[in-house]
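S.K.: A single structure is presented below for examination.
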Amino acid sequence: MASTAVGQSVTRVDAVAKVTGQAKYTGDFIFRDMLVGKVLRSPYAHAIVKNIDASQARALPGVEGILTYKDVPRNKFPTAGHPYSLDPAHGDKADCTILTEKARFVGDAVAAVIARDELTAAEALKLIKVEYEVLEPLLTPEAAMREGAPLIHEDCPGNILSASGYDIGDIEGAFKEADYIFEDELETSIVQHCQLENHISCAYVDSDGRIVIITSTQIPHIIRRIVGQALGIPWGRIRVIKPCVGGGFGSKQDACLEPLVAAMTLAVGGRPVKLELSREECMIATRTRHAFKFKIKTGVSRDGRLIGMHIKAIANTGAYASHGHSIAMAGGSKFRILYPMQALKYEPCTVYTNLPVAGAMRGYGSPQITFAVESHLDNIASKLHIDPIEFRLKNLVKEGYVDPLNGNAVRSCGIRECIARGKELIKWDEKKARYKNQAGSRRRGLGMACFSYGSGTYPVGLEIGGARIVLNQDGSVQLQVGATEIGQGSDTVFAQMVAEVLGIPVDMVHVISTQDTDISPFDTGAYASRQTYITGMAVARAAAEVKEKILDFAWGMTDIPAHALDIKGANIVYKHSGEVVMPLAEVALHTYYDTVFAKPITSDTSNNARVNAFVFGVTFAEVEVDLKTGRIDVLEIYNVHDSGRIINHQLAAAQVHGGVGMGIGYALSEQLLFDEKTGRPLNNNLLDYKLPTIMDIPAIGVDFVETFEPTSPFGCKALGEPPIIPVAPAIRNAVFDATGVALDRLPMNPQRVFEKFKEAGLI
Amino acid sequence: MPEKYLFATSPADCLALLAANPGARLIAGGTDLVIDLKEKRRQVTALVDITRIPELKIITEANGKIILGGAATHTRVATSSLIREKLPALAAAAAAVGSPQVRNVGTLAGNVVNAQPAADTAVALVALGAVATILGAEGERQVPVADLYAGVGRSLVDAGREIITRFTVDLWGEGESSAFARLSPRRALSLPMLNVAARVQVREGICTRARICIAPVAPRPFLCEEAAASLVGREPTAETIARAASVAKEAARPRDSLLRGSGAYRKDMTVVLVARVLNEAFSRATSRKIENDVE
């Protein structure tokens, strides 16, 4: 396909609106008589609410409503942003209520206030008296799994949310066959998304008695269903509107605020209520990334082939399930395609604790398991005295491989080219030689790590995308999608796809950026790096339908058969010669106003994509380690991705920049900390939580190996989440190269690294 | 919340405005005060702004002294060629504070009066032996910065009735220099896990004077006199520096903190940072790199 729009770095369709401040986010929706909601949060990690006395708060002038668990529907509902499952056995875990009578973490929502303004609401919170019966807080998976530990959820024995894994081949046989066995233990920490826009929703009841929720979400159609479940009302009585969103990274692939804000407006006779979290609330009372502990045992042949691997994982999901039941499994499924081996056994166990709720976050389990496996592989390579790249090359997947469990096939695979390109960019061989015999307290090293990931969730999840196109009188079009733009650039790539198929410039495609469940096509939303690939299929189909209708209409006007026509540069042309027949605008005008044949052209499609495409990539990092302080500086870092054909290089590079920065924070400095006795958060603010600043991030090198994925009409695959996945292990492996010390825990902050150096006798 | 925001035109005017408004407090950069007000840690009726008083912002050399106005911002201190040349520890400390936005408005006196033990410029001022000139209703008094601390977050300067007009640092003359270093979990917007400033003088190859300040290892910037004394009368060699560093480690009493690092780690880091800072200060003072076998 000759590209006029796809593959071009066109400017974001929302760039001007965003930089000029015209773009409307949820906080920009201001209604007359709008009230403010605030949440009273538990100061205890584990406690039963014995009594709530809100009489003083209720008496405060300006307070319009006080809610406790007694005042709201008590339906248990799931919050995870997954498509609804018709099979109840595969549904999400319903363990939440709108307000709780049992606090399960410090920050759990115990009561809520609705008042005329922020100050009154804040004052009212202070006047609510809650009597708690404090229970033992279970702050680690070990404590929660201990025999006789109190139950966090009464219906969940052992506090174990889920423990389903998989088994490929005969692992014991594989270990017998292997020449060497290697074992490692690795662990990751709890981090938070820290997206720019905090969680915010507002809701009111419209003149038809329906609840309208304007919300900063990645998943408007799913939110409609979850609010319906929470309130116990028909889903059609709820309308969800998603305006511009300032980032989510998975924390908004979850119903954190919407059921409560809906209950709030109902409590005040349908008046508009705004519920906006502070950063401090966002960091503990929305979602976090699961901390994992891994035990890995691997059998390897003398010549460096992976024979079998046994991974045990414990994931800390915090107080409620959210996505916890599926994240350990998702991570364990997406990494395994990279190094096919004859036996692989995965035993994850996801455990409730009295900590904030862990949910979806960029990479959905993959950054954790990739840190463990890629670190483990470098440990093995070192013990076998094999170059870590050579070791990987002996074991990498090839095109044509089919996953034995889910049937997904590798139809495009550029991982070898990614590695070759990364090696070249960082000058691997030259620097390896140069750093061979270092002395002194500052040592340099090189490391790399690979990853594999999917494009969407098939076959685990439904992968449905919808698109609708209307041809205007001037030949331009409106595009509506159910997929959500949350800053990643999806609206722009969809516009490029439509322009490509229809043969018109990108600025003739007007993307309706707001999703409204009353109006927008059905699509499950922004997660799993799915939209460019999955929704792209629906967009391509809708555009192809419009094109077919245009050419048919032109046939009627010109007597030239549709199959001999094409559209190029917004003109109807002869397909064989490119000679212009007439402007597209002339056809479009006739579709509206021809007194006999007028029939304005639209298309409305839905695509159930029963397919998945594997993506691959690599991080190469160079570090300098200060042996005396444990400080690690990343000097150079390169990510090279095989995400199929790149639709927009500028947007793709921006995704990689963001992911690598996030990965550096994950590797070196970020960690949510809690008091070890009480579970109170210690650093739920951006001063004490060490998100890296621009001073901490070196220039980031980005490159793409552009394969063509045959299951996508444009050859594209996923890119949104992947850039973060291999960053931490690449940095860890570079430190290993520099010092010989095998770090096993994130984040690799100076104190922890220093202690490991001491333990290893390096200092 | 304060009901009035007043601008003082001179130090005397500032005192008059404070006296005329009971419960008033002076404000310079406000980078700490505004947060305290917002979080209701402090009750103030009026704020008296001193940032429009030119004499409080001077940075100059006179009669063998460096004089810095109390309201000199960190950015101006960090970028002043005079300070970078004569008091490099202070320039480096000022450059390490917060972020560009904080440095553009935050002031030296504010960093001292806020009385946090590890405030970067306060640590440097203590190492440099800076003396604060404080103007109050009873007139002017001069107190070494090291003696202005009553405890963590508590200053002996009352910003409700007094003003630090300037800091004075006596130049030691030939063979002197200084250095500053900090260890922090990120490169900006980060309180230090540990910071160290040192000032030394070398005459005819022998260290004649030394001051070393370490934080946060005590409730105030900790002037480690034992470590400094171990240097005086000796040739600045790697061994002398290592000895001073280990004396400093013994004297330091850092606390355990999940956020800022364990006491044990910060004790170990005291050795490293003191050695590095002394190495840098002596190298500058003698224009000769000190070979350090451990580095």
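Chains: A, B, ... in order of the structure tokens. Residues: from 1 per chain. Ligands: from 1, in order shown.
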Mind checking which residues fall within 10 Å of region 92-107 of chain B, counting only C-alpha atoms, ignoring those fewer than 5 positions away in the same chain, and posting them as a ChimeraX atom specification?
M.R.: /A:687,693 /B:28-32,51,57,69-79,83-84,87,112,119-125,178-182,187-192,195-197
S.K.: What are the DSSP strand (DSSP E) residues of region 131-232 of chain B, as an NGL selection string?
M.R.: :B and (131-136 or 139-144 or 149-151 or 154-155 or 163-170 or 176-183 or 194-203 or 206-215 or 222-223)
S.K.: With only C-alpha atoms as the atoms that count, which of B:Arg166, B:Arg52, B:Arg234, B:Arg161 lies nearest to Val143 (chain B)?
M.R.: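 Answer, going by the shortest atom-to-atom distance: B:Arg166.
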S.K.: Quick one: everything within 9 Å of Gly205 (chain B), counting only C-alpha atoms, minus sequence neighbours fewer than 6 positions away in the same chain. Send it as a PyMOL selection string.
M.R.: chain B and resi 234-236+286
S.K.: Mind writing the picked residues with N, CA and C atoms as a PDB file, in the first residue's frame?
M.R.:
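Written output follows (selection_30.pdb):
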```
ATOM      1  N   ARG B 234      48.425  19.260  59.883  1.00  0.00           N
ATOM      2  CA  ARG B 234      48.885  18.115  59.087  1.00  0.00           C
ATOM      3  C   ARG B 234      48.879  18.442  57.600  1.00  0.00           C
ATOM      4  N   GLU B 235      49.655  17.662  56.884  1.00  0.00           N
ATOM      5  CA  GLU B 235      49.682  17.786  55.431  1.00  0.00           C
ATOM      6  C   GLU B 235      48.408  17.144  54.873  1.00  0.00           C
ATOM      7  N   PRO B 236      47.704  17.808  53.951  1.00  0.00           N
ATOM      8  CA  PRO B 236      46.468  17.200  53.424  1.00  0.00           C
ATOM      9  C   PRO B 236      46.768  16.045  52.468  1.00  0.00           C
ATOM     10  N   THR B 286      44.969  23.848  47.060  1.00  0.00           N
ATOM     11  CA  THR B 286      46.395  23.684  46.731  1.00  0.00           C
ATOM     12  C   THR B 286      46.643  23.619  45.234  1.00  0.00           C
TER      13      THR B 286
END
```
S.K.: Set the distance at 12 Å and use only C-alpha atoms: which residues neighbour Lys628 (chain A) once local chain neighbours fewer than 3 positions away are removed? I'd like the list as an MDAnalysis selection string.
M.R.: (chainID A and resid 440:443 625 631:632 739 750:751 753:758 762:763) or (chainID B and resid 183 265:266 268:273 275:276 294:295)
S.K.: Using only C-alpha atoms, find the residues of chain A whose closest atom to chain B is at most 10 Å away, then write them as JSON, numbers by chain.
M.R.: {"A": [439, 440, 441, 442, 626, 627, 628, 629, 630, 631, 665, 668, 669, 670, 671, 672, 673, 674, 675, 676, 682, 683, 686, 687, 688, 689, 690, 691, 692, 693, 694, 695, 696, 697, 749, 750, 751, 752, 754, 755]}
S.K.: Quick one: of A:Gly536, A:Gly720, A:Gly365, A:Gly246, who's nearest to Glu197 (chain A), counting only C-alpha atoms?
M.R.: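 Nearest to Glu197 (chain A): A:Gly246.
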S.K.: Any idea what's packed within 9 Å of Leu15 (chain B), counting only C-alpha atoms, ignoring anything in its chain fewer than 2 positions away? Could you give it as an NGL selection string?
M.R.: :B and (8 or 10-13 or 17-20 or 135-137 or 160-163)
S.K.: When you draw a straight line from CA of Val19 (chain A) to CA of Gln488 (chain A), how long is it in Å?
M.R.: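 Distance between the two atoms: 15.4 Å.
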S.K.: Which one is closest to Gly359 (chain A): A:Arg210, A:Arg610, A:Arg146, A:His290? Count only C-alpha atoms.
M.R.: A:His290
S.K.: Can you measure CA of Leu278 (chain B) to CA of Ala227 (chain B) for me? One decimal in Å is fine.
M.R.: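 Between CA of Leu278 (chain B) and CA of Ala227 (chain B) the gap is 10.8 Å.
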S.K.: Any idea what the distance is between CA of Ala130 (chain B) and CA of Lys65 (chain B)?
M.R.: 10.1 Å
S.K.: Please provide as a PyMOL selection string all residues within 9 Å of Val113 (chain B), with the sequence filter that same-chain residues fewer than 5 positions apart are discarded (counting only C-alpha atoms).
M.R.: chain B and resi 108+148-149+153-159+164
S.K.: Contacts of Phe616 (chain A) at 7 Å or less, counting only C-alpha atoms, minus same-chain residues fewer than 3 places along, as a ChimeraX atom specification?
M.R.: /A:414-415,451-453,641-643
S.K.: Could you save the residues just selected, with all heavy atoms, as a JSON list (two decimals), in the first residue's frame?
M.R.:
```
[["chain", "number", "residue", "atom", "x", "y", "z"],
["A", 414, "GLY", "N", 10.67, -9.39, 14.82],
["A", 414, "GLY", "CA", 11.91, -8.67, 14.51],
["A", 414, "GLY", "C", 12.87, -8.60, 15.69],
["A", 414, "GLY", "O", 13.71, -7.71, 15.76],
["A", 415, "ILE", "N", 12.75, -9.55, 16.64],
["A", 415, "ILE", "CA", 13.55, -9.42, 17.86],
["A", 415, "ILE", "C", 15.06, -9.49, 17.58],
["A", 415, "ILE", "O", 15.85, -8.76, 18.17],
["A", 415, "ILE", "CB", 13.11, -10.46, 18.93],
["A", 415, "ILE", "CG1", 13.90, -10.30, 20.24],
["A", 415, "ILE", "CG2", 13.19, -11.89, 18.44],
["A", 415, "ILE", "CD1", 13.72, -8.99, 20.95],
["A", 451, "PHE", "N", 11.94, -8.40, 25.69],
["A", 451, "PHE", "CA", 10.58, -8.69, 26.17],
["A", 451, "PHE", "C", 9.73, -9.19, 25.00],
["A", 451, "PHE", "O", 10.05, -8.94, 23.84],
["A", 451, "PHE", "CB", 9.91, -7.43, 26.77],
["A", 451, "PHE", "CG", 9.43, -6.46, 25.72],
["A", 451, "PHE", "CD1", 8.13, -6.54, 25.21],
["A", 451, "PHE", "CD2", 10.28, -5.51, 25.20],
["A", 451, "PHE", "CE1", 7.70, -5.68, 24.21],
["A", 451, "PHE", "CE2", 9.86, -4.64, 24.21],
["A", 451, "PHE", "CZ", 8.56, -4.72, 23.71],
["A", 452, "SER", "N", 8.65, -9.87, 25.36],
["A", 452, "SER", "CA", 7.58, -10.11, 24.38],
["A", 452, "SER", "C", 6.27, -9.68, 25.04],
["A", 452, "SER", "O", 6.16, -9.66, 26.26],
["A", 452, "SER", "CB", 7.51, -11.58, 23.98],
["A", 452, "SER", "OG", 7.32, -12.40, 25.12],
["A", 453, "TYR", "N", 5.31, -9.31, 24.23],
["A", 453, "TYR", "CA", 4.03, -8.84, 24.75],
["A", 453, "TYR", "C", 2.97, -9.09, 23.68],
["A", 453, "TYR", "O", 3.29, -9.41, 22.53],
["A", 453, "TYR", "CB", 4.14, -7.35, 25.09],
["A", 453, "TYR", "CG", 3.10, -6.86, 26.09],
["A", 453, "TYR", "CD1", 3.12, -7.30, 27.40],
["A", 453, "TYR", "CD2", 2.11, -5.94, 25.71],
["A", 453, "TYR", "CE1", 2.17, -6.86, 28.33],
["A", 453, "TYR", "CE2", 1.16, -5.49, 26.63],
["A", 453, "TYR", "CZ", 1.20, -5.95, 27.93],
["A", 453, "TYR", "OH", 0.27, -5.52, 28.84],
["A", 641, "HIS", "N", 12.14, -1.37, 19.24],
["A", 641, "HIS", "CA", 10.89, -2.12, 19.27],
["A", 641, "HIS", "C", 10.52, -2.70, 17.91],
["A", 641, "HIS", "O", 10.68, -2.02, 16.89],
["A", 641, "HIS", "CB", 9.74, -1.20, 19.71],
["A", 641, "HIS", "CG", 9.82, -0.83, 21.16],
["A", 641, "HIS", "ND1", 9.14, -1.50, 22.13],
["A", 641, "HIS", "CD2", 10.53, 0.13, 21.80],
["A", 641, "HIS", "CE1", 9.40, -0.96, 23.31],
["A", 641, "HIS", "NE2", 10.25, 0.03, 23.14],
["A", 642, "ASP", "N", 9.98, -3.91, 17.95],
["A", 642, "ASP", "CA", 9.25, -4.43, 16.81],
["A", 642, "ASP", "C", 7.77, -4.33, 17.17],
["A", 642, "ASP", "O", 7.24, -5.18, 17.88],
["A", 642, "ASP", "CB", 9.64, -5.89, 16.53],
["A", 642, "ASP", "CG", 8.61, -6.60, 15.64],
["A", 642, "ASP", "OD1", 7.82, -5.88, 14.97],
["A", 642, "ASP", "OD2", 8.59, -7.84, 15.61],
["A", 643, "SER", "N", 7.15, -3.24, 16.69],
["A", 643, "SER", "CA", 5.70, -3.06, 16.88],
["A", 643, "SER", "C", 5.03, -3.07, 15.52],
["A", 643, "SER", "O", 4.04, -2.37, 15.29],
["A", 643, "SER", "CB", 5.42, -1.75, 17.61],
["A", 643, "SER", "OG", 5.82, -1.86, 18.96]]
```
